[in-house]
Amino acid sequence: MAEASAGAGDRRKFAQRLFTPLPKRYDRLAELLSFGQNGRWRRAMVDRALEGTPSLVCDVATGTAGVALQLASRNGSRVVGVDLTEAMLRRGKLNVEQAGAQGRISLTLGTAERLPFSDSTFDALTFTYLLRYVQDPAATLAEIARVVRPGGTVASLEFLLPENRFWRAAWWLYTRAVLPAAGWLTGGREWFEVGRFLGPSISGHYQRYPVSWTVKAWKEAGLTDVQVRRMSLGGGLVMSGRRSVG
Ligand SMILES: C[S@@+](CC[C@H](N)C(=O)[O-])C[C@H]1O[C@@H](n2cnc3c(N)ncnc32)[C@H](O)[C@@H]1O
């Protein structure tokens, strides 16, 4: 599918097709194929989200609930996770049950483009690896800001490309050659497809929406104090901001 030109519905179907076969191995392979960096980036994002000790947090694109579990266990927050792929959520529910966190985490089917919540519902919101899958990132950011109360925190984690030429070349080699092969060896055909998809998806996204564009889009969505943290030589991007008051 030509990702860049796909409509909103096609993009959602594409994400569902991509993620439906993945949940069984997702938690293990997400760590393995990122050399453990996913866990570091996630902790950095959760640090930002918990700064205001929020009582109620929304985790968008929650998947298998890894971020939701961390939010709930570190701060005792109540967390509502939203995702459009049923299979990921089923695995998420299992993970939540195994952690005994059913009282604090609920998971619900929904899309980031139209969140099933009233305005200003949450004290904080996180979203992870989401913006490459939506057709209109600026509109999705506005929808995300809508459900956070004024003064509440938004924090995100996305993949990024290193700026330094040497590390960018290494990143290119890793994503174009090593990742598809490692995906095949560790997870079979479905993970080969993910490995093959990720590199071009990340570079294509930042060609259209550079980090400077993304910072502007956060501000236009009504978020202030927008901060950008490039991690792991520029392979990960943690952003945070606060919903503006008034
Ligand atoms: C790479 S996974 C990340 C899961 C989890 N946040 C984590 O860090 O482990 C991306 C998730 O985004 C979900 N997703 C993609 N597009 C979405 C959309 N438009 N609305 C809600 N969820 C979406 C997918 O179903 C998938 O579970």
# chains A, B, ... in the order shown; residues from 1 in each chain; ligands from 1

call {"tool": "select_by_dssp", "arguments": {"residues": "region 68-200 of chain A", "states": "alpha helix (DSSP H)", "output": "count of residues only"}}
result
61

call {"tool": "residues_near_ligand", "arguments": {"ligand": "ligand 1", "cutoff": "8 Å", "atoms": "only C-alpha atoms and all ligand atoms", "output": "number ranges by chain"}}
result
A: 11-12, 15-16, 19-20, 26-27, 30, 38, 42, 59-67, 82-86, 88-89, 110-113, 127-134, 157

call {"tool": "residues_around", "arguments": {"residues": "region 43-46 of chain A", "least_positions_apart": "6", "cutoff": "12 Å", "atoms": "only C-alpha atoms", "output": "PDB file with N, CA and C atoms, in the first residue's frame"}}
result
ATOM      1  N   GLY A  36      16.947  -3.241  23.605  1.00  0.00           N
ATOM      2  CA  GLY A  36      16.565  -2.763  24.936  1.00  0.00           C
ATOM      3  C   GLY A  36      16.282  -1.270  24.999  1.00  0.00           C
ATOM      4  N   GLN A  37      16.398  -0.574  23.877  1.00  0.00           N
ATOM      5  CA  GLN A  37      16.204   0.887  23.910  1.00  0.00           C
ATOM      6  C   GLN A  37      14.734   1.266  24.110  1.00  0.00           C
ATOM      7  N   GLY A  52       3.315  15.555  36.983  1.00  0.00           N
ATOM      8  CA  GLY A  52       2.273  16.254  37.765  1.00  0.00           C
ATOM      9  C   GLY A  52       1.473  15.314  38.659  1.00  0.00           C
ATOM     10  N   THR A  53       2.029  14.094  38.954  1.00  0.00           N
ATOM     11  CA  THR A  53       1.314  13.043  39.697  1.00  0.00           C
ATOM     12  C   THR A  53      -0.176  12.968  39.334  1.00  0.00           C
ATOM     13  N   PRO A  54      -0.450  12.594  38.082  1.00  0.00           N
ATOM     14  CA  PRO A  54      -1.836  12.546  37.609  1.00  0.00           C
ATOM     15  C   PRO A  54      -2.634  11.395  38.235  1.00  0.00           C
ATOM     16  N   VAL A  57      -5.000   8.835  33.741  1.00  0.00           N
ATOM     17  CA  VAL A  57      -4.145   8.977  32.556  1.00  0.00           C
ATOM     18  C   VAL A  57      -4.750   8.193  31.398  1.00  0.00           C
ATOM     19  N   CYS A  58      -4.663   8.746  30.195  1.00  0.00           N
ATOM     20  CA  CYS A  58      -5.066   8.020  28.995  1.00  0.00           C
ATOM     21  C   CYS A  58      -3.798   7.576  28.265  1.00  0.00           C
ATOM     22  N   ASP A  59      -3.763   6.311  27.846  1.00  0.00           N
ATOM     23  CA  ASP A  59      -2.628   5.830  27.045  1.00  0.00           C
ATOM     24  C   ASP A  59      -3.161   5.445  25.663  1.00  0.00           C
ATOM     25  N   GLY A  66       1.934  -2.188  27.814  1.00  0.00           N
ATOM     26  CA  GLY A  66       3.213  -2.022  28.522  1.00  0.00           C
ATOM     27  C   GLY A  66       3.346  -0.655  29.171  1.00  0.00           C
ATOM     28  N   VAL A  67       2.966   0.390  28.442  1.00  0.00           N
ATOM     29  CA  VAL A  67       3.060   1.749  28.998  1.00  0.00           C
ATOM     30  C   VAL A  67       2.010   1.929  30.096  1.00  0.00           C
ATOM     31  N   ALA A  68       0.802   1.443  29.848  1.00  0.00           N
ATOM     32  CA  ALA A  68      -0.286   1.566  30.837  1.00  0.00           C
ATOM     33  C   ALA A  68       0.128   0.923  32.158  1.00  0.00           C
ATOM     34  N   LEU A  69       0.765  -0.238  32.075  1.00  0.00           N
ATOM     35  CA  LEU A  69       1.183  -0.944  33.299  1.00  0.00           C
ATOM     36  C   LEU A  69       2.231  -0.134  34.061  1.00  0.00           C
ATOM     37  N   GLN A  70       3.128   0.483  33.302  1.00  0.00           N
ATOM     38  CA  GLN A  70       4.163   1.276  33.974  1.00  0.00           C
ATOM     39  C   GLN A  70       3.561   2.525  34.632  1.00  0.00           C
ATOM     40  N   LEU A  71       2.629   3.160  33.940  1.00  0.00           N
ATOM     41  CA  LEU A  71       1.974   4.353  34.507  1.00  0.00           C
ATOM     42  C   LEU A  71       1.268   3.987  35.816  1.00  0.00           C
ATOM     43  N   ALA A  72       0.564   2.857  35.797  1.00  0.00           N
ATOM     44  CA  ALA A  72      -0.222   2.461  36.971  1.00  0.00           C
ATOM     45  C   ALA A  72       0.676   2.009  38.119  1.00  0.00           C
ATOM     46  N   SER A  73       1.772   1.287  37.787  1.00  0.00           N
ATOM     47  CA  SER A  73       2.573   0.746  38.890  1.00  0.00           C
ATOM     48  C   SER A  73       3.472   1.810  39.509  1.00  0.00           C
ATOM     49  N   ARG A  74       3.922   2.769  38.712  1.00  0.00           N
ATOM     50  CA  ARG A  74       4.860   3.751  39.275  1.00  0.00           C
ATOM     51  C   ARG A  74       4.176   4.838  40.083  1.00  0.00           C
ATOM     52  N   ASN A  75       2.921   5.131  39.738  1.00  0.00           N
ATOM     53  CA  ASN A  75       2.294   6.289  40.379  1.00  0.00           C
ATOM     54  C   ASN A  75       0.972   5.935  41.048  1.00  0.00           C
ATOM     55  N   SER A  77      -1.630   5.602  39.368  1.00  0.00           N
ATOM     56  CA  SER A  77      -2.661   6.288  38.575  1.00  0.00           C
ATOM     57  C   SER A  77      -3.669   5.271  38.069  1.00  0.00           C
ATOM     58  N   ALA A 124      -3.421  13.481  32.396  1.00  0.00           N
ATOM     59  CA  ALA A 124      -2.239  13.298  31.544  1.00  0.00           C
ATOM     60  C   ALA A 124      -2.577  12.297  30.442  1.00  0.00           C
ATOM     61  N   LEU A 125      -1.781  12.319  29.399  1.00  0.00           N
ATOM     62  CA  LEU A 125      -2.004  11.389  28.275  1.00  0.00           C
ATOM     63  C   LEU A 125      -0.648  11.019  27.681  1.00  0.00           C
ATOM     64  N   THR A 126      -0.503   9.746  27.348  1.00  0.00           N
ATOM     65  CA  THR A 126       0.696   9.281  26.636  1.00  0.00           C
ATOM     66  C   THR A 126       0.267   8.666  25.307  1.00  0.00           C
ATOM     67  N   PHE A 127       1.149   8.758  24.326  1.00  0.00           N
ATOM     68  CA  PHE A 127       0.932   7.981  23.097  1.00  0.00           C
ATOM     69  C   PHE A 127       2.278   7.526  22.553  1.00  0.00           C
ATOM     70  N   THR A 128       2.286   6.303  22.018  1.00  0.00           N
ATOM     71  CA  THR A 128       3.545   5.669  21.623  1.00  0.00           C
ATOM     72  C   THR A 128       3.463   5.113  20.215  1.00  0.00           C
ATOM     73  N   TYR A 129       4.431   5.460  19.381  1.00  0.00           N
ATOM     74  CA  TYR A 129       4.533   4.914  18.019  1.00  0.00           C
ATOM     75  C   TYR A 129       3.201   5.031  17.280  1.00  0.00           C
ATOM     76  N   THR A 153      -0.615  17.032  31.330  1.00  0.00           N
ATOM     77  CA  THR A 153       0.592  16.711  30.548  1.00  0.00           C
ATOM     78  C   THR A 153       0.292  15.759  29.398  1.00  0.00           C
ATOM     79  N   VAL A 154       0.957  15.992  28.272  1.00  0.00           N
ATOM     80  CA  VAL A 154       0.951  15.034  27.163  1.00  0.00           C
ATOM     81  C   VAL A 154       2.400  14.618  26.940  1.00  0.00           C
ATOM     82  N   ALA A 155       2.655  13.315  26.823  1.00  0.00           N
ATOM     83  CA  ALA A 155       4.017  12.843  26.536  1.00  0.00           C
ATOM     84  C   ALA A 155       3.945  11.755  25.475  1.00  0.00           C
ATOM     85  N   SER A 156       4.936  11.750  24.597  1.00  0.00           N
ATOM     86  CA  SER A 156       4.891  10.781  23.490  1.00  0.00           C
ATOM     87  C   SER A 156       6.264  10.149  23.256  1.00  0.00           C
ATOM     88  N   LEU A 157       6.215   9.012  22.596  1.00  0.00           N
ATOM     89  CA  LEU A 157       7.438   8.330  22.167  1.00  0.00           C
ATOM     90  C   LEU A 157       7.248   7.894  20.724  1.00  0.00           C
ATOM     91  N   GLU A 158       8.234   8.219  19.885  1.00  0.00           N
ATOM     92  CA  GLU A 158       8.209   7.776  18.484  1.00  0.00           C
ATOM     93  C   GLU A 158       9.629   7.366  18.091  1.00  0.00           C
ATOM     94  N   GLN A 227       8.663  20.079  24.775  1.00  0.00           N
ATOM     95  CA  GLN A 227      10.072  19.688  24.897  1.00  0.00           C
ATOM     96  C   GLN A 227      10.361  18.465  24.043  1.00  0.00           C
ATOM     97  N   VAL A 228      11.583  18.463  23.504  1.00  0.00           N
ATOM     98  CA  VAL A 228      11.995  17.390  22.595  1.00  0.00           C
ATOM     99  C   VAL A 228      13.246  16.752  23.162  1.00  0.00           C
ATOM    100  N   ARG A 229      13.245  15.442  23.277  1.00  0.00           N
ATOM    101  CA  ARG A 229      14.457  14.753  23.724  1.00  0.00           C
ATOM    102  C   ARG A 229      14.799  13.647  22.734  1.00  0.00           C
ATOM    103  N   ARG A 230      15.931  13.813  22.044  1.00  0.00           N
ATOM    104  CA  ARG A 230      16.415  12.763  21.136  1.00  0.00           C
ATOM    105  C   ARG A 230      17.228  11.782  21.963  1.00  0.00           C
ATOM    106  N   MET A 231      16.926  10.499  21.832  1.00  0.00           N
ATOM    107  CA  MET A 231      17.628   9.506  22.656  1.00  0.00           C
ATOM    108  C   MET A 231      18.330   8.473  21.781  1.00  0.00           C
ATOM    109  N   SER A 232      19.289   7.775  22.355  1.00  0.00           N
ATOM    110  CA  SER A 232      20.003   6.682  21.682  1.00  0.00           C
ATOM    111  C   SER A 232      20.523   7.109  20.318  1.00  0.00           C
ATOM    112  N   GLY A 236      15.430   7.460  18.955  1.00  0.00           N
ATOM    113  CA  GLY A 236      14.148   7.583  19.667  1.00  0.00           C
ATOM    114  C   GLY A 236      13.843   9.039  19.958  1.00  0.00           C
ATOM    115  N   LEU A 237      12.573   9.372  19.963  1.00  0.00           N
ATOM    116  CA  LEU A 237      12.145  10.761  20.194  1.00  0.00           C
ATOM    117  C   LEU A 237      11.081  10.782  21.292  1.00  0.00           C
ATOM    118  N   VAL A 238      11.421  11.417  22.410  1.00  0.00           N
ATOM    119  CA  VAL A 238      10.438  11.591  23.488  1.00  0.00           C
ATOM    120  C   VAL A 238      10.048  13.060  23.508  1.00  0.00           C
ATOM    121  N   MET A 239       8.759  13.319  23.444  1.00  0.00           N
ATOM    122  CA  MET A 239       8.278  14.703  23.477  1.00  0.00           C
ATOM    123  C   MET A 239       7.304  14.872  24.641  1.00  0.00           C
ATOM    124  N   SER A 240       7.207  16.098  25.135  1.00  0.00           N
ATOM    125  CA  SER A 240       6.216  16.352  26.183  1.00  0.00           C
ATOM    126  C   SER A 240       5.778  17.795  26.113  1.00  0.00           C
ATOM    127  N   GLY A 241       4.624  18.051  26.688  1.00  0.00           N
ATOM    128  CA  GLY A 241       4.092  19.406  26.735  1.00  0.00           C
ATOM    129  C   GLY A 241       2.909  19.443  27.689  1.00  0.00           C
TER     130      GLY A 241
END

call {"tool": "closest_residue", "arguments": {"among": "A:Ala182, A:Ile202, A:Leu109, A:Leu233", "to": "Arg168 (chain A)", "atoms": "only C-alpha atoms"}}
result
A:Leu233

call {"tool": "residues_around", "arguments": {"residues": "Leu141 (chain A)", "least_positions_apart": "2", "cutoff": "9 Å", "atoms": "only C-alpha atoms", "output": "list in words"}}
result
Ala112, Glu113, Leu131, Asp136, Pro137, Ala138, Ala139, Glu143, Ile144, Ala145, Arg146, Ala217, Trp218, Glu220, Ala221 and Gly222 of chain A

call {"tool": "write_last_selection", "arguments": {"atoms": "N, CA and C atoms", "output": "CSV table (one decimal), in the first residue's frame"}}
result
chain,number,residue,atom,x,y,z
A,112,ALA,N,-7.4,6.9,17.7
A,112,ALA,CA,-6.8,8.2,18.2
A,112,ALA,C,-7.4,9.4,17.5
A,113,GLU,N,-7.9,9.2,16.3
A,113,GLU,CA,-8.4,10.3,15.5
A,113,GLU,C,-9.8,10.8,16.1
A,131,LEU,N,2.0,8.3,15.4
A,131,LEU,CA,1.8,9.3,14.4
A,131,LEU,C,2.1,8.8,13.0
A,136,ASP,N,-3.7,12.2,9.3
A,136,ASP,CA,-3.6,13.7,9.6
A,136,ASP,C,-3.0,13.9,11.0
A,137,PRO,N,-1.6,13.8,11.1
A,137,PRO,CA,-1.1,14.0,12.5
A,137,PRO,C,-1.5,15.2,13.2
A,138,ALA,N,-1.6,16.3,12.5
A,138,ALA,CA,-2.0,17.6,13.2
A,138,ALA,C,-3.4,17.5,13.8
A,139,ALA,N,-4.4,16.9,13.0
A,139,ALA,CA,-5.7,16.8,13.5
A,139,ALA,C,-5.7,15.8,14.7
A,143,GLU,N,-7.0,16.3,18.6
A,143,GLU,CA,-7.9,15.4,19.3
A,143,GLU,C,-7.3,14.9,20.6
A,144,ILE,N,-6.0,14.7,20.6
A,144,ILE,CA,-5.4,14.2,21.8
A,144,ILE,C,-5.4,15.3,22.9
A,145,ALA,N,-5.1,16.6,22.5
A,145,ALA,CA,-5.1,17.7,23.4
A,145,ALA,C,-6.5,17.9,24.0
A,146,ARG,N,-7.5,17.7,23.2
A,146,ARG,CA,-8.9,18.0,23.6
A,146,ARG,C,-9.3,17.2,24.8
A,217,ALA,N,3.2,21.6,15.3
A,217,ALA,CA,1.8,21.0,15.3
A,217,ALA,C,1.4,20.8,16.8
A,218,TRP,N,2.3,20.4,17.7
A,218,TRP,CA,1.9,20.3,19.1
A,218,TRP,C,1.4,21.7,19.6
A,220,GLU,N,0.2,24.2,17.9
A,220,GLU,CA,-1.0,24.6,17.3
A,220,GLU,C,-2.2,23.8,17.8
A,221,ALA,N,-1.9,22.6,18.4
A,221,ALA,CA,-2.9,21.8,19.0
A,221,ALA,C,-3.3,22.3,20.4
A,222,GLY,N,-2.6,23.3,20.8
A,222,GLY,CA,-2.9,23.9,22.2
A,222,GLY,C,-2.1,23.4,23.3

call {"tool": "atom_distance", "arguments": {"atom1": "CA of Arg165 (chain A)", "atom2": "CA of Ala177 (chain A)"}}
result
17.9 Å

call {"tool": "residues_around", "arguments": {"residues": "Val211 (chain A)", "least_positions_apart": "4", "cutoff": "9 Å", "atoms": "only C-alpha atoms", "output": "PyMOL selection string"}}
result
chain A and resi 160+206+215-216+228

call {"tool": "residues_around", "arguments": {"residues": "Ser244 (chain A)", "least_positions_apart": "6", "cutoff": "6 Å", "atoms": "only C-alpha atoms", "output": "PyMOL selection string"}}
result
chain A and resi 150-151+222-224

call {"tool": "atom_distance", "arguments": {"atom1": "CA of Gly100 (chain A)", "atom2": "CA of Phe35 (chain A)"}}
result
28.0 Å

call {"tool": "closest_residue", "arguments": {"among": "A:Gly9, A:Gly152, A:Gly199, A:Gly187", "to": "Leu32 (chain A)", "atoms": "only C-alpha atoms"}}
result
A:Gly187

call {"tool": "select_by_dssp", "arguments": {"residues": "region 79-152 of chain A", "states": "strand (DSSP E or B)", "output": "mmCIF file with all heavy atoms, in the first residue's frame"}}
result
data_model
loop_
_atom_site.group_PDB
_atom_site.id
_atom_site.type_symbol
_atom_site.label_atom_id
_atom_site.label_comp_id
_atom_site.auth_asym_id
_atom_site.auth_seq_id
_atom_site.Cartn_x
_atom_site.Cartn_y
_atom_site.Cartn_z
ATOM 1 N N VAL A 79 -5.578 4.207 34.759
ATOM 2 C CA VAL A 79 -5.197 4.374 33.356
ATOM 3 C C VAL A 79 -6.279 3.793 32.453
ATOM 4 O O VAL A 79 -6.801 2.711 32.717
ATOM 5 C CB VAL A 79 -3.855 3.647 33.058
ATOM 6 C CG1 VAL A 79 -3.412 3.901 31.619
ATOM 7 C CG2 VAL A 79 -2.767 4.075 34.028
ATOM 8 N N VAL A 80 -6.601 4.555 31.401
ATOM 9 C CA VAL A 80 -7.493 4.041 30.362
ATOM 10 C C VAL A 80 -6.659 3.913 29.091
ATOM 11 O O VAL A 80 -6.126 4.910 28.592
ATOM 12 C CB VAL A 80 -8.681 5.002 30.108
ATOM 13 C CG1 VAL A 80 -9.596 4.426 29.026
ATOM 14 C CG2 VAL A 80 -9.458 5.257 31.389
ATOM 15 N N GLY A 81 -6.522 2.689 28.595
ATOM 16 C CA GLY A 81 -5.758 2.456 27.373
ATOM 17 C C GLY A 81 -6.702 2.336 26.185
ATOM 18 O O GLY A 81 -7.761 1.715 26.292
ATOM 19 N N VAL A 82 -6.304 2.932 25.060
ATOM 20 C CA VAL A 82 -7.130 2.892 23.845
ATOM 21 C C VAL A 82 -6.286 2.361 22.693
ATOM 22 O O VAL A 82 -5.135 2.774 22.525
ATOM 23 C CB VAL A 82 -7.597 4.318 23.455
ATOM 24 C CG1 VAL A 82 -8.519 4.266 22.241
ATOM 25 C CG2 VAL A 82 -8.286 5.004 24.606
ATOM 26 N N ASP A 83 -6.866 1.474 21.890
ATOM 27 C CA ASP A 83 -6.151 0.982 20.713
ATOM 28 C C ASP A 83 -7.178 0.494 19.697
ATOM 29 O O ASP A 83 -8.292 0.130 20.051
ATOM 30 C CB ASP A 83 -5.220 -0.177 21.100
ATOM 31 C CG ASP A 83 -4.119 -0.400 20.073
ATOM 32 O OD1 ASP A 83 -4.424 -0.940 18.984
ATOM 33 O OD2 ASP A 83 -2.974 -0.024 20.350
ATOM 34 N N ILE A 105 -6.414 -0.391 35.634
ATOM 35 C CA ILE A 105 -6.269 -0.192 34.179
ATOM 36 C C ILE A 105 -7.486 -0.754 33.462
ATOM 37 O O ILE A 105 -7.861 -1.911 33.660
ATOM 38 C CB ILE A 105 -5.006 -0.914 33.652
ATOM 39 C CG1 ILE A 105 -3.759 -0.372 34.344
ATOM 40 C CG2 ILE A 105 -4.893 -0.762 32.136
ATOM 41 C CD1 ILE A 105 -2.467 -1.094 33.968
ATOM 42 N N SER A 106 -8.091 0.050 32.612
ATOM 43 C CA SER A 106 -9.118 -0.502 31.722
ATOM 44 C C SER A 106 -8.688 -0.232 30.287
ATOM 45 O O SER A 106 -8.070 0.794 29.988
ATOM 46 C CB SER A 106 -10.481 0.122 32.023
ATOM 47 O OG SER A 106 -10.417 1.499 31.820
ATOM 48 N N LEU A 107 -9.000 -1.182 29.422
ATOM 49 C CA LEU A 107 -8.578 -1.076 28.016
ATOM 50 C C LEU A 107 -9.819 -1.029 27.130
ATOM 51 O O LEU A 107 -10.761 -1.789 27.338
ATOM 52 C CB LEU A 107 -7.695 -2.266 27.631
ATOM 53 C CG LEU A 107 -6.423 -2.445 28.467
ATOM 54 C CD1 LEU A 107 -5.628 -3.662 27.987
ATOM 55 C CD2 LEU A 107 -5.543 -1.202 28.419
ATOM 56 N N THR A 108 -9.769 -0.146 26.153
ATOM 57 C CA THR A 108 -10.954 0.012 25.321
ATOM 58 C C THR A 108 -10.583 0.169 23.849
ATOM 59 O O THR A 108 -9.546 0.742 23.515
ATOM 60 C CB THR A 108 -11.807 1.206 25.844
ATOM 61 O OG1 THR A 108 -12.965 1.307 25.063
ATOM 62 C CG2 THR A 108 -11.067 2.517 25.757
ATOM 63 N N LEU A 109 -11.460 -0.361 22.990
ATOM 64 C CA LEU A 109 -11.241 -0.266 21.548
ATOM 65 C C LEU A 109 -11.611 1.142 21.083
ATOM 66 O O LEU A 109 -12.668 1.658 21.447
ATOM 67 C CB LEU A 109 -12.168 -1.290 20.885
ATOM 68 C CG LEU A 109 -11.837 -1.789 19.497
ATOM 69 C CD1 LEU A 109 -10.467 -2.438 19.432
ATOM 70 C CD2 LEU A 109 -12.913 -2.786 19.047
ATOM 71 N N THR A 111 -10.160 4.762 18.307
ATOM 72 C CA THR A 111 -9.126 5.312 17.437
ATOM 73 C C THR A 111 -8.650 6.666 17.971
ATOM 74 O O THR A 111 -9.430 7.427 18.544
ATOM 75 C CB THR A 111 -9.644 5.519 15.997
ATOM 76 O OG1 THR A 111 -10.580 6.583 16.016
ATOM 77 C CG2 THR A 111 -10.274 4.280 15.446
ATOM 78 N N ARG A 114 -10.439 9.860 16.849
ATOM 79 C CA ARG A 114 -11.720 10.211 17.447
ATOM 80 C C ARG A 114 -11.828 9.489 18.783
ATOM 81 O O ARG A 114 -12.399 8.402 18.874
ATOM 82 C CB ARG A 114 -12.836 9.774 16.504
ATOM 83 C CG ARG A 114 -14.115 10.435 16.832
ATOM 84 C CD ARG A 114 -15.072 10.322 15.695
ATOM 85 N NE ARG A 114 -16.280 11.022 16.057
ATOM 86 C CZ ARG A 114 -17.266 11.192 15.241
ATOM 87 N NH1 ARG A 114 -17.206 10.751 14.019
ATOM 88 N NH2 ARG A 114 -18.356 11.824 15.638
ATOM 89 N N PHE A 122 -8.815 13.870 31.140
ATOM 90 C CA PHE A 122 -7.625 13.238 31.750
ATOM 91 C C PHE A 122 -6.637 14.265 32.327
ATOM 92 O O PHE A 122 -6.492 15.364 31.804
ATOM 93 C CB PHE A 122 -6.910 12.372 30.709
ATOM 94 C CG PHE A 122 -7.766 11.234 30.220
ATOM 95 C CD1 PHE A 122 -8.476 11.341 29.028
ATOM 96 C CD2 PHE A 122 -7.886 10.074 30.970
ATOM 97 C CE1 PHE A 122 -9.287 10.309 28.591
ATOM 98 C CE2 PHE A 122 -8.692 9.026 30.540
ATOM 99 C CZ PHE A 122 -9.391 9.145 29.347
ATOM 100 N N ASP A 123 -5.916 13.841 33.368
ATOM 101 C CA ASP A 123 -4.852 14.685 33.943
ATOM 102 C C ASP A 123 -3.585 14.589 33.113
ATOM 103 O O ASP A 123 -2.735 15.479 33.152
ATOM 104 C CB ASP A 123 -4.515 14.197 35.361
ATOM 105 C CG ASP A 123 -5.738 14.236 36.264
ATOM 106 O OD1 ASP A 123 -6.403 15.276 36.297
ATOM 107 O OD2 ASP A 123 -6.029 13.203 36.911
ATOM 108 N N ALA A 124 -3.421 13.481 32.396
ATOM 109 C CA ALA A 124 -2.239 13.298 31.544
ATOM 110 C C ALA A 124 -2.577 12.297 30.442
ATOM 111 O O ALA A 124 -3.543 11.533 30.560
ATOM 112 C CB ALA A 124 -1.058 12.796 32.370
ATOM 113 N N LEU A 125 -1.781 12.319 29.399
ATOM 114 C CA LEU A 125 -2.004 11.389 28.275
ATOM 115 C C LEU A 125 -0.648 11.019 27.681
ATOM 116 O O LEU A 125 0.239 11.864 27.534
ATOM 117 C CB LEU A 125 -2.885 12.070 27.222
ATOM 118 C CG LEU A 125 -3.265 11.235 25.986
ATOM 119 C CD1 LEU A 125 -4.644 11.662 25.462
ATOM 120 C CD2 LEU A 125 -2.237 11.330 24.868
ATOM 121 N N THR A 126 -0.503 9.746 27.348
ATOM 122 C CA THR A 126 0.696 9.281 26.636
ATOM 123 C C THR A 126 0.267 8.666 25.307
ATOM 124 O O THR A 126 -0.834 8.124 25.200
ATOM 125 C CB THR A 126 1.436 8.198 27.456
ATOM 126 O OG1 THR A 126 0.497 7.205 27.862
ATOM 127 C CG2 THR A 126 2.114 8.774 28.671
ATOM 128 N N PHE A 127 1.149 8.758 24.326
ATOM 129 C CA PHE A 127 0.932 7.981 23.097
ATOM 130 C C PHE A 127 2.278 7.526 22.553
ATOM 131 O O PHE A 127 3.272 8.228 22.658
ATOM 132 C CB PHE A 127 0.096 8.751 22.049
ATOM 133 C CG PHE A 127 0.713 9.989 21.475
ATOM 134 C CD1 PHE A 127 1.479 9.944 20.314
ATOM 135 C CD2 PHE A 127 0.518 11.224 22.082
ATOM 136 C CE1 PHE A 127 2.029 11.095 19.768
ATOM 137 C CE2 PHE A 127 1.059 12.387 21.538
ATOM 138 C CZ PHE A 127 1.817 12.321 20.379
ATOM 139 N N THR A 128 2.286 6.303 22.018
ATOM 140 C CA THR A 128 3.545 5.669 21.623
ATOM 141 C C THR A 128 3.463 5.113 20.215
ATOM 142 O O THR A 128 2.543 4.346 19.908
ATOM 143 C CB THR A 128 3.851 4.494 22.591
ATOM 144 O OG1 THR A 128 3.586 4.911 23.906
ATOM 145 C CG2 THR A 128 5.284 4.043 22.469
ATOM 146 N N VAL A 148 -7.424 16.203 27.295
ATOM 147 C CA VAL A 148 -6.568 16.472 28.466
ATOM 148 C C VAL A 148 -7.026 17.784 29.116
ATOM 149 O O VAL A 148 -7.305 18.759 28.417
ATOM 150 C CB VAL A 148 -5.087 16.577 28.033
ATOM 151 C CG1 VAL A 148 -4.188 16.914 29.211
ATOM 152 C CG2 VAL A 148 -4.645 15.272 27.379
ATOM 153 N N ARG A 149 -7.082 17.808 30.432
ATOM 154 C CA ARG A 149 -7.542 19.032 31.111
ATOM 155 C C ARG A 149 -6.487 20.130 30.970
ATOM 156 O O ARG A 149 -5.277 19.824 30.832
ATOM 157 C CB ARG A 149 -7.837 18.751 32.589
ATOM 158 C CG ARG A 149 -6.601 18.423 33.384
ATOM 159 C CD ARG A 149 -6.806 18.609 34.877
ATOM 160 N NE ARG A 149 -5.699 18.069 35.636
ATOM 161 C CZ ARG A 149 -4.510 18.667 35.801
ATOM 162 N NH1 ARG A 149 -4.267 19.824 35.219
ATOM 163 N NH2 ARG A 149 -3.563 18.099 36.521
ATOM 164 N N PRO A 150 -6.887 21.401 30.989
ATOM 165 C CA PRO A 150 -5.904 22.479 30.936
ATOM 166 C C PRO A 150 -4.860 22.306 32.049
ATOM 167 O O PRO A 150 -5.209 21.997 33.188
ATOM 168 C CB PRO A 150 -6.757 23.735 31.164
ATOM 169 C CG PRO A 150 -8.115 23.342 30.660
ATOM 170 C CD PRO A 150 -8.270 21.885 30.993
ATOM 171 N N GLY A 151 -3.598 22.435 31.673
ATOM 172 C CA GLY A 151 -2.507 22.233 32.635
ATOM 173 C C GLY A 151 -2.035 20.786 32.687
ATOM 174 O O GLY A 151 -0.985 20.492 33.251
ATOM 175 N N GLY A 152 -2.796 19.858 32.111
ATOM 176 C CA GLY A 152 -2.413 18.437 32.119
ATOM 177 C C GLY A 152 -1.276 18.168 31.142
ATOM 178 O O GLY A 152 -1.009 18.950 30.231
#

call {"tool": "atom_distance", "arguments": {"atom1": "CA of Pro180 (chain A)", "atom2": "CA of Phe197 (chain A)"}}
result
8.3 Å
